[in-house]
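Okay, final-v5.cif is below, mmCIF, C-alpha atoms:
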data_my_file
loop_
_atom_site.label_atom_id
_atom_site.label_comp_id
_atom_site.auth_asym_id
_atom_site.auth_seq_id
_atom_site.Cartn_x
_atom_site.Cartn_y
_atom_site.Cartn_z
CA MET A 1 7.76 -89.09 46.88
CA GLU A 2 10.52 -91.21 45.34
CA LYS A 3 10.98 -94.96 45.14
CA ASN A 4 14.53 -96.28 45.44
CA ASP A 5 13.60 -99.62 43.89
CA TYR A 6 10.80 -100.83 41.67
CA SER A 7 7.44 -99.33 42.53
CA GLY A 8 4.68 -101.72 43.55
CA PHE A 9 1.32 -102.23 41.90
CA GLY A 10 -1.52 -100.37 43.57
CA GLN A 11 -2.95 -96.92 44.20
CA TYR A 12 -0.99 -93.70 44.70
CA ASP A 13 -2.14 -90.31 45.98
CA ILE A 14 -0.17 -87.46 44.39
CA THR A 15 -0.13 -84.08 46.11
CA ASP A 16 3.23 -82.80 44.88
CA LYS A 17 5.43 -85.18 42.90
CA LEU A 18 5.57 -88.92 42.32
CA GLN A 19 8.37 -90.86 40.64
CA LEU A 20 7.73 -94.47 39.66
CA ARG A 21 10.60 -96.75 38.72
CA LEU A 22 9.93 -99.85 36.63
CA PRO A 23 12.20 -102.00 34.46
CA LYS A 24 13.39 -99.89 31.52
CA THR A 25 10.74 -97.29 32.37
CA GLN A 26 10.56 -94.09 34.40
CA ILE A 27 7.38 -92.17 35.21
CA ILE A 28 7.15 -88.71 36.81
CA ILE A 29 3.83 -87.16 37.79
CA GLU A 30 4.04 -83.63 39.14
CA LYS A 31 1.54 -81.05 40.37
CA LYS A 32 1.59 -77.73 38.52
CA GLU A 33 -0.40 -74.56 39.14
CA ASN A 34 -3.62 -75.73 37.48
CA ARG A 35 -2.85 -79.27 36.29
CA PHE A 36 -0.89 -82.45 36.90
CA SER A 37 1.81 -83.28 34.35
CA TYR A 38 2.64 -86.87 33.37
CA TYR A 39 5.96 -87.90 31.86
CA ARG A 40 7.07 -91.41 30.84
CA LYS A 41 10.39 -92.49 29.32
CA ASN A 42 11.41 -96.00 28.25
CA SER A 43 14.76 -97.69 27.59
CA GLU A 44 14.77 -96.52 23.97
CA ASP A 45 14.49 -92.87 25.11
CA GLN A 46 10.96 -92.62 23.77
CA GLU A 47 8.96 -90.07 25.74
CA LEU A 48 5.29 -89.55 26.43
CA ARG A 49 3.87 -86.39 27.96
CA LYS A 50 0.27 -85.86 29.10
CA SER A 51 -1.54 -83.55 31.47
CA VAL A 52 -4.61 -83.67 33.69
CA PRO A 53 -6.13 -80.16 33.88
CA GLY A 54 -7.88 -78.90 37.01
CA LYS A 55 -7.04 -77.42 40.37
CA LYS A 56 -7.67 -80.54 42.44
CA ASP A 57 -5.33 -80.98 45.42
CA VAL A 58 -4.82 -84.72 44.99
CA LEU A 59 -4.54 -86.89 41.89
CA GLN A 60 -5.20 -90.58 42.55
CA ILE A 61 -3.82 -93.17 40.14
CA GLU A 62 -3.56 -96.94 40.01
CA LEU A 63 -0.65 -98.89 38.53
CA ALA A 64 -1.79 -102.38 37.49
CA PRO A 65 -1.01 -105.26 35.12
CA VAL A 66 -3.24 -105.66 32.05
CA LEU A 67 -3.66 -108.27 29.33
CA PRO A 68 -0.98 -108.04 26.58
CA LEU A 69 -3.42 -107.16 23.81
CA ASN A 70 -2.86 -103.44 23.29
CA LEU A 71 0.71 -102.96 22.02
CA PRO A 72 1.85 -102.26 19.40
CA SER A 73 -1.80 -102.30 18.24
CA LYS A 74 -4.99 -104.33 18.67
CA LYS A 75 -4.80 -106.64 15.66
CA THR A 76 -5.57 -110.09 17.07
CA ASN A 77 -8.79 -111.80 18.08
CA ASP A 78 -7.55 -111.96 21.69
CA LEU A 79 -5.39 -114.99 20.88
CA MET A 80 -2.15 -115.61 22.80
CA PHE A 81 0.73 -117.73 21.48
CA LEU A 82 3.08 -118.91 24.23
CA ARG A 83 6.24 -120.56 22.90
CA LEU A 84 7.98 -122.60 25.62
CA LYS A 85 11.73 -122.23 26.00
CA GLU A 86 11.83 -125.89 27.06
CA SER A 87 9.28 -128.39 25.77
CA ILE A 88 7.32 -130.50 28.26
CA PHE A 89 6.91 -134.27 27.88
CA ILE A 90 3.61 -135.65 29.17
CA GLU A 91 3.38 -139.41 29.66
CA LYS A 92 0.43 -141.38 28.29
CA ASN A 93 -2.87 -141.25 30.20
CA SER A 94 -1.54 -138.73 32.73
CA THR A 95 -2.21 -135.21 34.02
CA VAL A 96 0.33 -132.66 35.24
CA ASP A 97 0.25 -129.10 36.59
CA ILE A 98 2.92 -126.60 35.56
CA LEU A 99 3.55 -122.92 36.23
CA LEU A 100 4.55 -120.65 33.36
CA GLN A 101 5.52 -117.08 32.76
CA PHE A 102 2.84 -114.99 31.07
CA PRO A 103 3.76 -111.65 29.41
CA ILE A 104 1.89 -108.58 30.64
CA GLU A 105 1.49 -104.92 29.84
CA ILE A 106 1.19 -102.19 32.48
CA GLY A 107 -1.78 -99.88 32.75
CA VAL A 108 -2.08 -96.51 34.50
CA PHE A 109 -5.59 -95.55 35.60
CA VAL A 110 -6.97 -92.31 37.03
CA LEU A 111 -9.35 -92.76 39.97
CA ASN A 112 -12.54 -90.71 40.05
CA ASN A 113 -14.49 -89.42 43.05
CA ASP A 114 -17.11 -92.16 42.59
CA ASN A 115 -14.44 -94.90 42.85
CA THR A 116 -14.50 -95.62 39.10
CA ARG A 117 -11.28 -95.77 37.10
CA ASP A 118 -10.41 -94.28 33.72
CA PHE A 119 -7.71 -95.71 31.47
CA PHE A 120 -4.85 -93.21 31.12
CA ASP A 121 -1.75 -94.95 29.76
CA CYS A 122 -0.47 -98.38 28.73
CA PHE A 123 3.09 -99.55 28.16
CA THR A 124 5.37 -102.58 28.28
CA CYS A 125 8.54 -102.99 30.31
CA GLU A 126 9.86 -105.43 27.70
CA PRO A 127 9.54 -104.14 24.09
CA MET A 128 10.25 -107.64 22.72
CA HIS A 129 6.82 -108.70 24.02
CA SER A 130 5.05 -106.45 21.54
CA ARG A 131 5.22 -109.00 18.75
CA PHE A 132 2.82 -111.06 16.68
CA ALA A 133 2.97 -114.69 15.54
CA LEU A 134 0.91 -116.71 13.09
CA TYR A 135 -0.55 -120.05 14.17
CA GLY A 136 -1.40 -122.05 11.08
CA THR A 137 -0.89 -121.37 7.40
CA PRO A 138 -0.46 -117.90 5.87
CA GLU A 139 -3.80 -118.35 4.11
CA ASN A 140 -5.91 -119.65 7.02
CA GLY A 141 -3.83 -119.09 10.14
CA ASN A 142 -4.65 -117.04 13.21
CA LEU A 143 -2.70 -113.91 14.14
CA CYS A 144 -1.72 -114.02 17.82
CA MET A 145 0.16 -111.98 20.37
CA TYR A 146 3.45 -113.80 20.97
CA GLY A 147 5.64 -114.48 23.98
CA LYS A 148 8.55 -116.82 24.59
CA VAL A 149 8.25 -118.08 28.16
CA ALA A 150 9.89 -120.39 30.68
CA GLN A 151 8.52 -122.86 33.18
CA LEU A 152 8.59 -121.71 36.82
CA GLU A 153 9.26 -123.58 40.02
CA GLU A 154 6.55 -123.42 42.69
CA SER A 155 8.53 -120.94 44.82
CA GLU A 156 9.95 -118.99 41.88
CA LYS A 157 8.75 -115.51 40.96
CA PRO A 158 8.69 -114.31 37.35
CA LYS A 159 10.59 -111.22 36.24
CA PRO A 160 8.77 -108.27 37.85
CA TYR A 161 6.50 -106.13 35.64
CA VAL A 162 7.40 -108.27 32.63
CA PHE A 163 5.62 -111.54 33.44
CA ALA A 164 2.71 -112.78 35.51
CA LYS A 165 2.16 -116.38 36.62
CA ILE A 166 -0.23 -118.78 34.91
CA LYS A 167 -0.94 -122.40 35.81
CA ALA A 168 -1.50 -124.91 33.03
CA THR A 169 -3.12 -128.26 33.82
CA ILE A 170 -2.26 -130.64 30.97
CA SER A 171 -4.06 -133.97 30.45
CA ASN A 172 -2.82 -136.48 27.89
CA GLU A 173 -5.60 -138.89 26.87
CA LEU A 174 -3.46 -140.63 24.26
CA LYS A 175 -1.90 -144.05 24.66
CA GLU A 176 1.52 -142.54 24.01
CA GLY A 177 3.60 -139.73 25.45
CA VAL A 178 3.57 -136.29 23.80
CA SER A 179 5.81 -133.22 23.83
CA ILE A 180 4.21 -129.81 24.34
CA GLY A 181 6.12 -126.82 22.98
CA LYS A 182 3.46 -124.14 22.64
CA PHE A 183 0.04 -123.03 23.82
CA VAL A 184 -2.40 -121.02 21.70
CA PHE A 185 -5.57 -119.86 23.42
CA PRO A 186 -7.96 -116.89 23.74
CA VAL A 187 -7.15 -114.61 26.69
CA GLY A 188 -10.02 -112.18 26.29
CA HIS A 189 -11.98 -114.01 29.00
CA HIS A 190 -9.08 -114.08 31.45
CA GLU A 191 -8.70 -111.74 34.39
CA ILE A 192 -5.42 -110.43 35.84
CA TYR A 193 -4.89 -109.95 39.58
CA TYR A 194 -2.11 -108.33 41.58
CA LEU A 195 -0.90 -108.21 45.16
CA GLU A 196 -0.87 -104.66 46.57
CA ASN A 197 2.55 -102.95 46.92
CA THR A 198 4.36 -105.80 45.15
CA ALA A 199 5.20 -106.89 41.61
CA ASP A 200 3.21 -110.13 42.00
CA ALA A 201 0.71 -110.64 39.18
CA HIS A 202 -1.43 -113.66 38.41
CA ILE A 203 -3.69 -114.49 35.48
CA ASP A 204 -6.55 -116.98 35.26
CA ASP A 205 -5.37 -120.53 34.60
CA ILE A 206 -5.78 -122.82 31.59
CA ALA A 207 -6.60 -126.52 31.23
CA ALA A 208 -5.23 -128.31 28.17
CA THR A 209 -6.36 -131.75 26.96
CA VAL A 210 -4.44 -133.71 24.34
CA LYS A 211 -6.72 -136.14 22.48
CA LYS A 212 -7.30 -137.79 19.14
CA GLU A 213 -9.99 -136.68 16.72
CA SER A 214 -10.80 -137.64 13.15
CA SER A 215 -8.43 -134.91 11.95
CA GLY A 216 -5.56 -136.25 14.07
CA LYS A 217 -3.99 -135.28 17.39
CA VAL A 218 -5.29 -132.01 18.81
CA MET A 219 -5.03 -130.06 22.05
CA GLU A 220 -8.09 -128.32 23.49
CA ILE A 221 -7.36 -125.38 25.80
CA ARG A 222 -9.99 -124.00 28.18
CA HIS A 223 -10.17 -121.00 30.52
CA VAL A 224 -10.11 -121.78 34.27
CA ASN A 225 -10.80 -119.24 37.03
CA LEU A 226 -7.78 -118.54 39.22
CA SER A 227 -7.79 -120.22 42.62
CA LYS A 228 -6.72 -117.39 44.96
CA LYS A 229 -5.96 -119.69 47.91
CA GLY A 230 -6.68 -117.02 50.52
CA LYS A 231 -4.48 -114.34 48.96
CA LYS A 232 -5.86 -110.79 49.02
CA LEU A 233 -5.47 -110.16 45.33
CA ASN A 234 -6.79 -107.05 43.61
CA LEU A 235 -8.65 -107.45 40.31
CA SER A 236 -7.10 -105.32 37.58
CA LEU A 237 -9.39 -103.27 35.37
CA ARG A 238 -9.86 -104.82 31.93
CA LEU A 239 -9.49 -102.51 28.95
CA LYS A 240 -12.11 -104.23 26.78
CA PRO A 241 -15.20 -106.39 27.38
CA LYS A 242 -14.80 -110.11 27.92
CA SER A 243 -14.74 -112.17 24.76
CA ILE A 244 -17.32 -114.90 24.36
CA LYS A 245 -14.89 -117.66 23.43
CA GLU A 246 -13.29 -119.47 26.38
CA GLU A 247 -11.65 -122.39 24.58
CA TYR A 248 -9.54 -123.12 21.51
CA ILE A 249 -8.65 -126.28 19.59
CA MET A 250 -4.99 -126.48 18.54
CA SER A 251 -5.37 -128.63 15.43
CA ARG A 252 -2.16 -127.54 13.68
CA GLY A 253 0.37 -128.94 16.11
CA PHE A 254 1.46 -128.19 19.65
CA ASP A 255 5.10 -129.31 19.75
#

Take the structure I supplied and represent it as structure tokens, if you would.
Amino acid sequence: MEKNDYSGFGQYDITDKLQLRLPKTQIIIEKKENRFSYYRKNSEDQELRKSVPGKKDVLQIELAPVLPLNLPSKKTNDLMFLRLKESIFIEKNSTVDILLQFPIEIGVFVLNNDNTRDFFDCFTCEPMHSRFALYGTPENGNLCMYGKVAQLEESEKPKPYVFAKIKATISNELKEGVSIGKFVFPVGHHEIYYLENTADAHIDDIAATVKKESSGKVMEIRHVNLSKKGKKLNLSLRLKPKSIKEEYIMSRGFD
């Protein structure tokens, strides 16, 4: 079974050979005499080889987007730092909705007979996403996963297998306009969803409120469940339990 263009998210039944094509990534899963072999190669010619022993006739896998918290290693407290390619100006006492790119990683899961899934492999189709950034001072700052992202039009789709969509609702409670150039927030409570046989991926939304506190201007960011709007979206398996924290106060600037 061979795909001539990018392979869609979803489940695959492998009886002989499966080739998956993704940006900068090739995956080949092939049935051997008493095992299934797994081979992955990325744009930098780095290779990964694994095997699944056993004489089963069919190997079932799932290809799905996952939160970008695993590569190159799990060093953050589930914090995401989104740097906007173009800052957004929010007028005083107003609220706006925007769509943004959100970097993702790709997970491969093996399906069991009882319909459970086991994590098998994780990779990124854009190596530049596997970066960290510090929000705050070197002494007291927070280490975050980092992504530089663009704003999307309503009908626009993000780059497949590299970005998902996220909606940000921004409220400015100040009596003056403000420019927003970055978002820092915990993503460990967010879920990722995908549309079967496509590259469409969506993550739970965020709500950001700009306000004034005793310490100065701050932006509070909260988790918001995704509104599916009738779409038959599949929930991707999370690789770690949900974090407790659902909000974050950006007190060290947001422009």

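By all atoms listed in the file, and with residues fewer than 4 positions from A:Tyr38 along its chain excluded, the set lying at most 10 Å from it is Leu18, Ile27, Ile28, Ile29, Glu30, Lys31, Leu48, Arg49, Lys50, Ser51, Val52 and Asp121 of chain A.
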
**Matched chain/residue IDs from the PyMOL selection byres ((chain A and resi 237) around 9), as a ChimeraX atom specification** = /A:64-66,107,109,117,119,191-192,235-236,238-239

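Interatomic distance, atom CA of A:Asp78 to atom CA of A:Met250: 15.1 Å.
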
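Minimum distance to A:Asn42 across A:Glu91, A:Glu126, A:Glu213, A:Asp114 (counting all atoms listed in the file) occurs at A:Glu126.
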
Can you find the residues with an atom no farther than 7 Å from (4.4, -104.0, 18.4), counting all atoms listed in the file, and report them as a CSV table (one decimal) with C-alpha atoms, in the coordinates of the input?
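Final output, part-v9.csv:
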chain,number,residue,atom,x,y,z
A,71,LEU,CA,0.7,-103.0,22.0
A,72,PRO,CA,1.8,-102.3,19.4
A,73,SER,CA,-1.8,-102.3,18.2
A,130,SER,CA,5.0,-106.4,21.5
A,131,ARG,CA,5.2,-109.0,18.8

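Counting all atoms listed in the file, the residue from A:His129, A:Lys217, A:Arg252, A:His189 that sits nearest to A:Leu79 is A:His189.
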
**Item:** Polymer residues at most 6 Å from (4.3, -122.1, 21.1) by all atoms listed in the file, as a list of chain:residue names
**Value:** A:Phe81, A:Leu82, A:Arg83, A:Leu84, A:Gly181, A:Lys182, A:Phe183

**Message:** Residue by residue, what does the PyMOL selection byres ((chain A and resi 93-104) around 7) grab here? Present the result as JSON, numbers by chain.
**Reply:** {"A": [65, 66, 67, 68, 90, 91, 92, 105, 106, 129, 147, 149, 150, 151, 152, 153, 158, 162, 163, 164, 165, 166, 167, 168, 169, 170, 171, 172, 173, 174, 175]}

**Asked** Quick one: residues within 9 Å of A:Asn197, only C-alpha atoms counted, chain neighbours fewer than 3 positions away excluded, as a ChimeraX atom specification?
**Response** /A:7-11,194,200

Please write the residues from the selection above to a file, keeping C-alpha atoms, as a short mmCIF file (atom, residue, chain, number, x, y, z; two decimals), in the coordinates of the input.
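Saved file again.cif follows:
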data_model
loop_
_atom_site.label_atom_id
_atom_site.label_comp_id
_atom_site.auth_asym_id
_atom_site.auth_seq_id
_atom_site.Cartn_x
_atom_site.Cartn_y
_atom_site.Cartn_z
CA SER A 7 7.44 -99.33 42.53
CA GLY A 8 4.68 -101.72 43.55
CA PHE A 9 1.32 -102.23 41.90
CA GLY A 10 -1.52 -100.37 43.57
CA GLN A 11 -2.95 -96.92 44.20
CA TYR A 194 -2.11 -108.33 41.58
CA ASP A 200 3.21 -110.13 42.00
#

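With atom CA of A:Gln19 on one side and atom CA of A:Asp45 on the other, the separation reads 16.8 Å.
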
**Item:** Test item: residues at most 12 Å from A:Glu33, all atoms listed in the file, excluding those fewer than 5 positions along its chain, as JSON, numbers by chain
**Value:** {"A": [15, 16, 51, 52, 53, 54, 55, 56, 57]}

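The shortest atom-to-atom distance to A:Arg35, with only C-alpha atoms taken into account, belongs to A:Val58 out of A:Thr76, A:Asp13, A:Phe120, A:Val58.
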
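We find atom CA of A:Pro160 and atom CA of A:Met128 to be spaced 15.2 Å apart.
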
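By all atoms listed in the file, and with residues fewer than 5 positions from A:Phe89 along its chain excluded, the set lying at most 7 Å from it is Gly177, Val178, Ser179 and Ile180 of chain A.
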
**Message:** I need the output of the PyMOL selection byres ((chain A and resi 6) around 9) for this file as a list in words; which residues are they?
**Reply:** Lys3, Asn4, Asp5, Ser7, Gly8, Leu20, Arg21, Leu22, Pro23, Pro160, Thr198 and Ala199 of chain A

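Nearest residue to A:Met145 among A:Asn115, A:Met80, A:Ala207, A:Lys159 is A:Met80, counting only C-alpha atoms.
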
Around all listed atoms of stretch 198-208 of chain A, padded 6 Å per side, what centre and edge lengths does the axis-aligned box have in Å to one decimal, as JSON?
{"center_x": -0.7, "center_y": -117.1, "center_z": 36.7, "size_x": 23.8, "size_y": 34.5, "size_z": 29.0}

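Using all atoms listed in the file, the nearest neighbour of A:Ile206 within the list A:Lys148, A:Arg222, A:Lys157, A:Lys242 is A:Arg222.
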